[in-house]
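**Student:** I'd like to ask some things about the structure below.
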Amino acid sequence: MGSAALDHAGGRPKKGSGGSQLWKKALLHSSLCFVMGFFTGFAPSSVSDWRSAAPVVGAGGLAVESSHLLRTQHSVGGGNRTLLSQGGAAAEAATPRPLLVVVTTTESTPTANGERAAMLTRMAHALLLVPPPLLWVVVEAAPDVPATARLLRDTGLLYRHLTYKDNFTAAEVAAGKERHHQRNAALEHIERHRLAGVVHFAGLGDVFQLRFFDQIRQISTFGAWPVARMSRGERKVLVQGPACSASKVIGWFSRDLSSSTTVSTGQATPTGGTPAGAGAARPSSAPEIDVHGFAFNSSVLWDPERWGRYPTSEPDKSQDSIRFVQQVVTEDYSKVKGIPSDCSEIMVWRVEAPSSSRQAPGNNNRR
């Protein structure tokens with residue numbers, strides 16, 4: 001009777017066999033969970049793409065992450081710039097770069113029309129190398145708008161395209177009246193929209209050192225620098241700009257490198273002499289300053305004192321923005337920052353067209 005409760009394998013109870021299998025399964029599951037948890041502890045805390053963890057050698061031999069390097073390269077044309085150190089990033093956030101407003105005027109002569117696309121493309125590629133923020137203001141006559149608009153859209157730059165319907169004769173273009181009108185149109189746009197930043201007039205034939213743009217960002221009111229002017233087809237180089245004593249602007253000079261002659265205006269004296277009245281702030285005479293040789297803070301345009309500078313008998317002078325700025329620059333040298341600090345380095349070159357291309361048909365007057 002007792003053998004009826006035992007199995008055929010040796011008398012072990014059937015109920016005990018089932019409980020042993022459940023125990024083995026539970027032990028197996030616990031072991032697997034332990035092993036998985038053990039190896040999970042060695043895994044990184046966050047999942048990242050393998051490309052972002054792959055070290056590459058950047059500028060100066062520093063090891064940076066490849067994704068950071070890619071963002072740095074793409075930031076040349078705009079957007080965020082990744083720095084290689086936390087200290088540099090903190091300094092960047094604490095002192096953001098001022099906006100650069102680069103104004104470029106054009107010309108409506110047939111010769112200039114043929115060269116415009118090439119020169120605008122060259123200027124665009126130069127400005128793409130300048131760290132943001134930068135706004136490019138291009139001014140031209142209405143008939144030339146469609147082709148230039150397509151070109152500007154493809155540059156990748158932040159830009160404003162200003163046009164006008166005024167007509168200018170060949171003689172007026174040769175005399176520079178059209179460019180004067182374009183500069184005033186650009187300054188009027190900047191003043192109307194309160195575009196706060198440093199304004200610089202960059203000609204299509206200008207060549208720059210990239211460090212130059214970092215220098216003019218430091219301008220608080222006015223800044224000036226030497227400009228070397230060259231003409232294609234002529235062996236002549238003329239350097240014009242501020243004369244400095246240490247870091248102070250004391251006058252203006254014009255030097256012909258081909259003949260080694262120097263002409264000084266204002267309080268400056270020829271090379272080797274002692275500046276007359278170097279301690280005074282106001283110049284003894286008002287020199288004529290090329291607009292390509294200075295930059296200014298745009299807040300000057302909406303300064304309330306601007307409207308009280310001229311008597312009521314001369315109301316039009318306050319409306320001529322470019323002449324107003326040129327006059328203010330020469331009124332008080334203490335407000336003008338020399339670039340570089342001692343004005344000893346040429347960072348801007350102007351390559352002018354040959355005289356034949358700057359003459360209107362039937363007109364022998366040069367611009």
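Ordered as shown in the structure tokens, chains take letters A, B, and onward, while each chain numbers its residues from 1 and ligands are numbered from 1 in the order shown.
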Pick out the residues sitting within 9 Å of Gln209 of chain A, and hand them over as an mmCIF file with C-alpha atoms, in the first residue's frame; count only C-alpha atoms, and ignore anything fewer than 5 positions along from it in its own chain.

**Tutor:**
data_model
loop_
_atom_site.group_PDB
_atom_site.id
_atom_site.type_symbol
_atom_site.label_atom_id
_atom_site.label_comp_id
_atom_site.auth_asym_id
_atom_site.auth_seq_id
_atom_site.Cartn_x
_atom_site.Cartn_y
_atom_site.Cartn_z
ATOM 1 C CA ILE A 346 48.522 99.211 -42.900
ATOM 2 C CA MET A 347 45.605 96.798 -42.627
ATOM 3 C CA VAL A 348 43.428 98.088 -45.508
#

**Student:** Can you list, as a list in words, every residue of segment 110-187 of chain A that DSSP puts in strand (DSSP E)?

**Tutor:**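 Matching residues for strand (DSSP E) in segment 110-187 of chain A are Leu134, Leu135, Trp136, Val137, Val138, Val139, Glu140, Ala141, Tyr159, Arg160, His161, Leu162, Thr163 and Tyr164 of chain A.
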
**Student:** Smallest atom-to-atom distance to Leu100 of chain A: which of A:Ile289, A:Ile216, A:Val263, A:Met119, using only C-alpha atoms?

**Tutor:**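 Between A:Ile289, A:Ile216, A:Val263, A:Met119, the residue approaching Leu100 of chain A most closely is A:Ile216.
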
**Student:** According to DSSP computed on the backbone, where in segment 107-232 of chain A is there helix (DSSP H, G or I)? Give the residues as JSON, numbers by chain.

**Tutor:** {"A": [110, 111, 112, 113, 114, 115, 116, 117, 118, 119, 120, 121, 122, 123, 124, 125, 126, 127, 128, 142, 143, 144, 145, 146, 147, 148, 149, 150, 151, 152, 153, 170, 171, 172, 173, 174, 177, 178, 179, 180, 181, 182, 183, 184, 185, 186, 187, 188, 189, 190, 191, 192, 210, 211, 212, 213, 214, 215, 216]}
